[in-house]
>>> print(open('upload16.cif').read())   # mmCIF, C-alpha atoms
data_model
#
loop_
_atom_site.label_atom_id
_atom_site.label_comp_id
_atom_site.auth_asym_id
_atom_site.auth_seq_id
_atom_site.Cartn_x
_atom_site.Cartn_y
_atom_site.Cartn_z
CA MET V 1 75.19 92.40 79.42
CA ASN V 2 75.21 94.34 82.69
CA ILE V 3 75.77 91.83 85.50
CA ARG V 4 75.05 93.13 88.98
CA ILE V 5 77.84 92.71 91.52
CA LYS V 6 75.60 90.55 93.72
CA GLU V 7 75.13 88.24 90.72
CA LEU V 8 78.88 87.63 90.42
CA PRO V 9 80.44 84.61 92.11
CA ILE V 10 81.45 85.60 95.64
CA ASN V 11 85.18 85.25 94.88
CA GLU V 12 84.81 87.78 92.03
CA ARG V 13 83.04 90.53 94.00
CA PRO V 14 85.29 93.53 94.75
CA ARG V 15 84.62 93.69 98.51
CA GLU V 16 85.10 89.98 98.98
CA ARG V 17 88.27 90.04 96.90
CA LEU V 18 89.58 92.93 99.02
CA ILE V 19 88.97 90.94 102.21
CA ASN V 20 90.31 87.65 100.93
CA GLU V 21 93.12 88.74 98.62
CA GLY V 22 94.11 92.17 99.91
CA VAL V 23 93.37 95.66 98.64
CA SER V 24 96.41 95.75 96.34
CA SER V 25 94.98 92.89 94.27
CA LEU V 26 92.04 95.00 93.09
CA SER V 27 91.94 96.85 89.79
CA ASN V 28 91.27 100.58 89.59
CA GLU V 29 87.76 99.80 88.43
CA GLU V 30 87.12 97.53 91.42
CA LEU V 31 88.50 100.04 93.92
CA LEU V 32 86.33 102.81 92.53
CA SER V 33 83.26 100.55 92.55
CA ILE V 34 83.73 100.08 96.31
CA VAL V 35 83.87 103.85 96.79
CA LEU V 36 80.68 104.25 94.73
CA LYS V 37 78.94 101.49 96.73
CA THR V 38 76.04 101.25 94.27
CA GLY V 39 75.46 101.64 90.58
CA THR V 40 72.37 102.82 88.71
CA LYS V 41 69.36 100.99 87.35
CA ASP V 42 71.28 100.54 84.09
CA MET V 43 74.82 99.95 85.39
CA SER V 44 76.35 98.03 88.25
CA ALA V 45 78.84 99.89 90.47
CA LYS V 46 81.66 98.05 88.68
CA VAL V 47 80.43 99.01 85.22
CA LEU V 48 79.82 102.58 86.34
CA ALA V 49 83.35 102.75 87.77
CA GLY V 50 84.76 101.56 84.45
CA TYR V 51 82.68 104.15 82.61
CA ILE V 52 83.97 106.96 84.84
CA LEU V 53 87.59 105.93 84.33
CA LYS V 54 87.05 105.80 80.58
CA GLU V 55 85.49 109.28 80.65
CA VAL V 56 88.42 110.87 82.54
CA GLY V 57 91.07 109.01 80.53
CA ASN V 58 92.99 107.32 83.34
CA VAL V 59 92.96 107.00 87.10
CA GLN V 60 95.59 109.75 87.54
CA ASN V 61 93.17 112.30 86.07
CA LEU V 62 90.68 111.62 88.85
CA LYS V 63 92.74 113.66 91.33
CA ASP V 64 92.02 116.84 89.35
CA ILE V 65 88.35 116.28 88.58
CA THR V 66 85.76 118.81 89.74
CA TYR V 67 82.25 118.40 91.08
CA TYR V 68 80.72 119.86 87.92
CA LYS V 69 82.67 117.54 85.64
CA LEU V 70 81.62 114.56 87.73
CA ILE V 71 77.89 115.29 87.70
CA ASN V 72 78.03 115.60 83.92
CA ILE V 73 79.12 111.96 83.68
CA LYS V 74 76.23 109.60 83.04
CA GLY V 75 75.25 107.83 86.24
CA ILE V 76 76.85 110.31 88.63
CA GLY V 77 74.60 112.46 90.75
CA ALA V 78 75.39 114.82 93.61
CA ALA V 79 75.76 112.09 96.23
CA LYS V 80 78.21 109.97 94.22
CA ALA V 81 80.15 113.05 93.12
CA CYS V 82 80.59 114.06 96.76
CA LEU V 83 81.71 110.53 97.69
CA ILE V 84 84.36 110.52 94.97
CA LEU V 85 85.61 114.03 95.78
CA ALA V 86 85.79 113.27 99.51
CA PHE V 87 87.80 110.12 98.76
CA ILE V 88 90.16 112.05 96.47
CA GLU V 89 90.69 114.85 99.00
CA LEU V 90 91.36 112.36 101.80
CA SER V 91 93.92 110.62 99.59
CA LYS V 92 95.66 113.96 98.96
CA ARG V 93 95.75 114.80 102.64
CA MET V 94 97.26 111.43 103.47
CA ASN V 95 100.21 112.39 101.27
CA ILE V 96 100.84 115.59 103.23
CA LYS V 97 103.40 115.14 105.99
CA PHE V 98 101.47 117.41 108.34
CA ASP V 99 97.82 118.43 108.56
CA LYS V 100 98.41 122.17 108.60
CA ILE V 101 101.23 124.54 107.84
CA VAL V 102 100.51 126.80 110.83
CA ASP V 103 102.99 126.34 113.72
CA VAL V 104 105.46 124.56 111.43
CA ARG V 105 108.95 126.06 111.59
CA PHE V 106 110.37 127.06 108.20
CA LYS V 107 113.72 125.31 107.71
CA THR V 108 113.83 124.58 104.00
CA PRO V 109 111.61 125.36 100.98
CA LEU V 110 110.95 121.62 100.69
CA ILE V 111 108.70 121.80 103.76
CA VAL V 112 106.50 124.36 102.04
CA TYR V 113 106.50 122.46 98.75
CA GLU V 114 105.47 119.19 100.42
CA TYR V 115 102.48 120.90 101.99
CA TYR V 116 101.26 122.85 98.96
CA LYS V 117 102.02 120.45 96.09
CA ASN V 118 98.64 118.73 96.49
CA LYS V 119 96.84 121.82 97.74
CA VAL V 120 97.23 124.16 94.78
CA SER V 121 94.98 123.86 91.75
CA LYS V 122 96.16 121.99 88.66
CA PHE V 123 94.18 124.32 86.41
CA GLN V 124 94.51 127.81 87.89
CA GLU V 125 97.25 129.78 89.54
CA ASN V 126 96.95 130.08 93.31
CA PHE V 127 98.96 132.76 95.11
CA TYR V 128 99.53 132.26 98.85
CA CYS V 129 101.40 134.24 101.47
CA LEU V 130 102.75 132.62 104.62
CA TYR V 131 103.47 134.83 107.63
CA LEU V 132 106.18 134.00 110.15
CA ASP V 133 107.44 135.18 113.53
CA SER V 134 111.04 135.99 114.42
CA GLY V 135 111.78 132.31 115.03
CA LYS V 136 110.53 131.42 111.52
CA LYS V 137 107.44 129.69 112.86
CA ILE V 138 104.53 129.99 110.44
CA LEU V 139 101.72 131.97 112.05
CA SER V 140 99.20 131.89 109.22
CA ASP V 141 98.79 131.35 105.51
CA LYS V 142 96.45 133.26 103.26
CA LEU V 143 95.24 132.57 99.73
CA LEU V 144 95.33 135.99 98.07
CA PHE V 145 94.52 135.25 94.43
CA ILE V 146 92.99 132.49 92.30
CA GLY V 147 93.22 132.43 88.53
CA THR V 148 95.76 133.76 86.09
CA VAL V 149 97.44 136.38 88.19
CA ASN V 150 98.01 139.79 86.69
CA TYR V 151 100.87 140.74 88.97
CA SER V 152 99.77 144.36 89.02
CA MET V 153 96.99 142.91 91.22
CA VAL V 154 99.47 141.66 93.83
CA HIS V 155 99.11 144.81 95.83
CA PRO V 156 101.40 145.35 98.82
CA ARG V 157 98.35 146.35 100.86
CA ASP V 158 96.92 142.83 100.54
CA VAL V 159 100.24 141.13 101.16
CA PHE V 160 101.25 143.16 104.21
CA LYS V 161 97.86 143.73 105.85
CA GLU V 162 97.85 140.26 107.40
CA ALA V 163 101.49 140.62 108.42
CA TYR V 164 100.64 143.65 110.55
CA LEU V 165 97.62 141.98 112.11
CA LEU V 166 99.76 138.98 113.10
CA ASN V 167 102.78 141.05 114.12
CA ALA V 168 104.77 138.92 111.64
CA THR V 169 108.41 139.69 110.96
CA ALA V 170 108.73 137.74 107.71
CA PHE V 171 106.69 136.25 104.89
CA ILE V 172 106.95 133.67 102.11
CA CYS V 173 105.14 133.79 98.77
CA VAL V 174 103.94 130.56 97.16
CA HIS V 175 102.28 130.14 93.80
CA ASN V 176 101.90 127.42 91.20
CA HIS V 177 102.38 127.12 87.46
CA PRO V 178 99.60 124.87 86.07
CA THR V 179 101.81 124.23 83.02
CA GLY V 180 104.15 122.28 85.30
CA ASP V 181 107.19 124.39 84.35
CA VAL V 182 108.70 126.01 87.45
CA LYS V 183 111.01 128.44 85.68
CA PRO V 184 110.21 131.96 86.99
CA SER V 185 108.55 134.22 84.46
CA LYS V 186 109.53 137.85 84.00
CA GLU V 187 106.46 138.78 86.06
CA ASP V 188 107.47 136.34 88.83
CA ILE V 189 110.87 137.97 89.09
CA GLU V 190 109.44 141.50 89.04
CA VAL V 191 106.85 140.88 91.75
CA THR V 192 109.45 139.14 93.92
CA LYS V 193 111.81 142.11 93.70
CA ARG V 194 108.99 144.54 94.38
CA LEU V 195 107.75 142.70 97.46
CA GLU V 196 111.29 142.22 98.73
CA GLN V 197 112.01 145.96 98.46
CA ILE V 198 108.76 146.98 100.15
CA GLY V 199 109.22 144.35 102.85
CA ASN V 200 112.69 145.67 103.63
CA LEU V 201 111.28 149.19 104.02
CA MET V 202 108.54 147.94 106.32
CA GLY V 203 110.77 145.65 108.37
CA ILE V 204 108.98 142.50 107.19
CA LYS V 205 111.45 140.31 105.32
CA LEU V 206 110.58 138.25 102.25
CA LEU V 207 112.23 134.92 103.04
CA ASP V 208 111.37 133.06 99.85
CA HIS V 209 109.13 132.88 96.81
CA ILE V 210 108.37 129.28 95.88
CA ILE V 211 106.93 128.23 92.53
CA ILE V 212 105.24 124.84 92.40
CA GLY V 213 105.05 122.79 89.22
CA GLU V 214 104.59 119.16 88.26
CA ASN V 215 106.45 117.16 90.94
CA LYS V 216 109.04 119.91 91.41
CA TYR V 217 109.50 123.42 92.69
CA TYR V 218 111.65 126.51 92.27
CA SER V 219 112.87 128.47 95.28
CA PHE V 220 114.20 132.01 94.88
CA LEU V 221 116.07 131.50 98.16
CA GLU V 222 117.75 128.24 97.15
CA ASN V 223 118.72 129.70 93.79
CA GLY V 224 120.40 132.71 95.39
CA ASN V 225 117.83 135.25 94.22
CA LEU V 226 116.85 136.37 97.71
#
>>> encode(input="upload16.cif", output="structure tokens")
Amino acid sequence: MNIRIKELPINERPRERLINEGVSSLSNEELLSIVLKTGTKDMSAKVLAGYILKEVGNVQNLKDITYYKLINIKGIGAAKACLILAFIELSKRMNIKFDKIVDVRFKTPLIVYEYYKNKVSKFQENFYCLYLDSGKKILSDKLLFIGTVNYSMVHPRDVFKEAYLLNATAFICVHNHPTGDVKPSKEDIEVTKRLEQIGNLMGIKLLDHIIIGENKYYSFLENGNL
């Protein structure tokens, strides 16, 4: 039987429970039902929330869901998909210690990792370059590639073009391993050496190449490989 939220006793309704008992007292299903606001003609918001969580497997999987996966779930249209995705993205941004990487001074690889760990895709490789001035202040970051990177595609022209436009004196490469393993591959090592050599010839130093995995990172600089 699908009971509408307004038909529940007041002390059992998610919003009222949040106000009276605190947000931490709510279940994942209740929290998501508040985000959804309304259900469908066949399901209350609470039932729909439970259905979504069952479809994705667990609440942790929500952070990686896409628009197209959401709208293929029964009861989720464009408006509700956008609500959920906006909520997820806001949650991710709240976990970033700063809103943007530009103007941040590079002191340790951890700074870069903290910014990008929730920014890179969980399903595809993302390859970024950060460009810095002589004081190691980050001037700009640029996403150069998305997808499984064939490192023959990481062309020096693309990497260094932005550096010249910004009058940068150094750069940092950042990419992720969707597998979660941060151990550098043979290709990772080769492209790092190649970019380091070309950067030295051009007077634009490669400061680090950071690989992001599941709750961890690998820094070529910290490991003595740069």
>>> atom_distance(input="upload16.cif", atom1="atom CA of V:Lys136", atom2="atom CA of V:Arg105")
5.6 Å
>>> closest_residue(input="upload16.cif", among="V:Lys161, V:Lys92, V:Lys119, V:Lys80", to="V:Val35", atoms="all atoms listed in the file")
V:Lys80
>>> resolve_selection(input="upload16.cif", expression="the PyMOL selection byres ((chain V and resi 81-86) around 12)", output="ChimeraX atom specification")
/V:31-38,49,52,62-80,87-93
>>> closest_atom_pairs(input="upload16.cif", of="stretch 8-109 of chain V", to="stretch 199-212 of chain V", cutoff="10 Å", atoms="all atoms listed in the file", output="JSON lines")
{"residue": "V:Phe106", "atom": "CA", "partner": "V:Leu207", "partner_atom": "CA", "distance": 9.6}
{"residue": "V:Thr108", "atom": "CA", "partner": "V:Asp208", "partner_atom": "CA", "distance": 9.8}
{"residue": "V:Pro109", "atom": "CA", "partner": "V:Ile210", "partner_atom": "CA", "distance": 7.2}
>>> atom_distance(input="upload16.cif", atom1="atom CA of V:Gly39", atom2="atom CA of V:Ser24")
22.5 Å
>>> decode(input="upload16.cif", residues="stretch 38-161 of chain V", atoms="C-alpha atoms", output="short mmCIF file (atom, residue, chain, number, x, y, z; two decimals), in the first residue's frame")
data_model
loop_
_atom_site.label_atom_id
_atom_site.label_comp_id
_atom_site.auth_asym_id
_atom_site.auth_seq_id
_atom_site.Cartn_x
_atom_site.Cartn_y
_atom_site.Cartn_z
CA THR V 38 7.08 15.16 -4.43
CA GLY V 39 6.48 11.66 -5.66
CA THR V 40 4.43 10.44 -8.62
CA LYS V 41 0.80 9.46 -8.97
CA ASP V 42 1.81 5.90 -8.08
CA MET V 43 4.51 6.53 -5.45
CA SER V 44 4.96 8.92 -2.58
CA ALA V 45 8.26 10.84 -2.39
CA LYS V 46 9.37 8.46 0.37
CA VAL V 47 8.57 5.34 -1.64
CA LEU V 48 10.19 6.84 -4.73
CA ALA V 49 13.32 7.66 -2.72
CA GLY V 50 13.50 4.06 -1.50
CA TYR V 51 13.07 2.82 -5.06
CA ILE V 52 15.93 5.02 -6.32
CA LEU V 53 18.26 3.82 -3.57
CA LYS V 54 17.39 0.22 -4.37
CA GLU V 55 18.08 0.83 -8.07
CA VAL V 56 21.55 2.32 -7.47
CA GLY V 57 22.50 -0.25 -4.82
CA ASN V 58 23.39 2.05 -1.93
CA VAL V 59 23.54 5.73 -1.08
CA GLN V 60 27.29 5.94 -1.84
CA ASN V 61 26.59 5.11 -5.49
CA LEU V 62 24.43 8.20 -5.84
CA LYS V 63 27.51 10.45 -5.99
CA ASP V 64 28.52 8.89 -9.33
CA ILE V 65 25.12 8.71 -10.99
CA THR V 66 24.53 10.48 -14.29
CA TYR V 67 21.54 12.36 -15.66
CA TYR V 68 20.81 9.63 -18.20
CA LYS V 69 20.89 6.88 -15.59
CA LEU V 70 18.54 8.86 -13.38
CA ILE V 71 15.89 9.52 -16.02
CA ASN V 72 15.82 5.82 -16.81
CA ILE V 73 14.65 5.10 -13.26
CA LYS V 74 10.88 4.77 -13.00
CA GLY V 75 9.38 7.93 -11.56
CA ILE V 76 12.32 10.21 -12.34
CA GLY V 77 11.89 12.85 -15.00
CA ALA V 78 14.13 15.72 -16.05
CA ALA V 79 13.15 18.01 -13.18
CA LYS V 80 13.77 15.45 -10.42
CA ALA V 81 17.00 14.28 -12.07
CA CYS V 82 18.27 17.87 -12.08
CA LEU V 83 17.29 18.31 -8.41
CA ILE V 84 19.20 15.19 -7.39
CA LEU V 85 22.28 16.06 -9.47
CA ALA V 86 22.35 19.63 -8.15
CA PHE V 87 22.17 18.31 -4.58
CA ILE V 88 24.97 15.81 -5.25
CA GLU V 89 27.22 18.43 -6.86
CA LEU V 90 26.63 20.87 -4.00
CA SER V 91 27.55 18.12 -1.52
CA LYS V 92 30.79 17.48 -3.42
CA ARG V 93 31.69 21.16 -3.46
CA MET V 94 31.11 21.44 0.26
CA ASN V 95 33.86 18.86 0.73
CA ILE V 96 36.36 20.94 -1.25
CA LYS V 97 38.48 23.18 0.97
CA PHE V 98 38.39 26.00 -1.58
CA ASP V 99 35.99 26.91 -4.37
CA LYS V 100 38.58 27.15 -7.12
CA ILE V 101 42.17 26.12 -7.65
CA VAL V 102 43.13 29.36 -9.42
CA ASP V 103 45.18 31.75 -7.23
CA VAL V 104 45.99 28.93 -4.78
CA ARG V 105 49.71 28.63 -4.09
CA PHE V 106 51.12 25.14 -4.68
CA LYS V 107 52.84 23.95 -1.49
CA THR V 108 52.17 20.23 -1.42
CA PRO V 109 50.49 17.70 -3.77
CA LEU V 110 47.82 17.23 -1.10
CA ILE V 111 46.37 20.64 -1.98
CA VAL V 112 45.84 19.52 -5.57
CA TYR V 113 44.46 16.13 -4.53
CA GLU V 114 41.93 17.69 -2.13
CA TYR V 115 40.58 19.87 -4.92
CA TYR V 116 40.40 17.26 -7.67
CA LYS V 117 39.40 14.12 -5.75
CA ASN V 118 35.69 14.94 -6.11
CA LYS V 119 36.08 16.72 -9.44
CA VAL V 120 37.43 13.94 -11.63
CA SER V 121 35.13 11.32 -13.09
CA LYS V 122 34.75 7.93 -11.42
CA PHE V 123 34.23 6.24 -14.77
CA GLN V 124 36.60 7.92 -17.22
CA GLU V 125 40.12 9.24 -17.08
CA ASN V 126 40.40 13.02 -16.88
CA PHE V 127 43.73 14.67 -17.70
CA TYR V 128 44.27 18.20 -16.38
CA CYS V 129 47.17 20.62 -16.56
CA LEU V 130 47.66 23.35 -13.99
CA TYR V 131 49.78 26.37 -14.93
CA LEU V 132 51.78 28.32 -12.36
CA ASP V 133 53.79 31.52 -12.09
CA SER V 134 57.29 31.86 -10.66
CA GLY V 135 55.88 32.04 -7.13
CA LYS V 136 54.02 28.72 -7.64
CA LYS V 137 50.63 30.43 -7.69
CA ILE V 138 48.19 28.56 -9.91
CA LEU V 139 47.15 30.78 -12.82
CA SER V 140 44.76 28.42 -14.58
CA ASP V 141 43.78 24.80 -14.96
CA LYS V 142 42.72 23.13 -18.17
CA LEU V 143 41.00 19.81 -18.83
CA LEU V 144 42.84 18.45 -21.86
CA PHE V 145 41.42 14.94 -22.27
CA ILE V 146 38.41 12.89 -21.19
CA GLY V 147 38.21 9.14 -21.62
CA THR V 148 40.81 6.42 -21.72
CA VAL V 149 43.86 8.41 -22.62
CA ASN V 150 46.11 7.12 -25.35
CA TYR V 151 49.21 8.95 -24.21
CA SER V 152 50.35 9.48 -27.78
CA MET V 153 47.46 11.99 -27.75
CA VAL V 154 49.03 14.04 -24.95
CA HIS V 155 50.70 16.32 -27.42
CA PRO V 156 53.17 18.91 -26.13
CA ARG V 157 51.42 21.51 -28.29
CA ASP V 158 48.23 21.15 -26.22
CA VAL V 159 50.07 21.07 -22.91
CA PHE V 160 52.33 24.05 -23.53
CA LYS V 161 50.02 26.29 -25.59
#
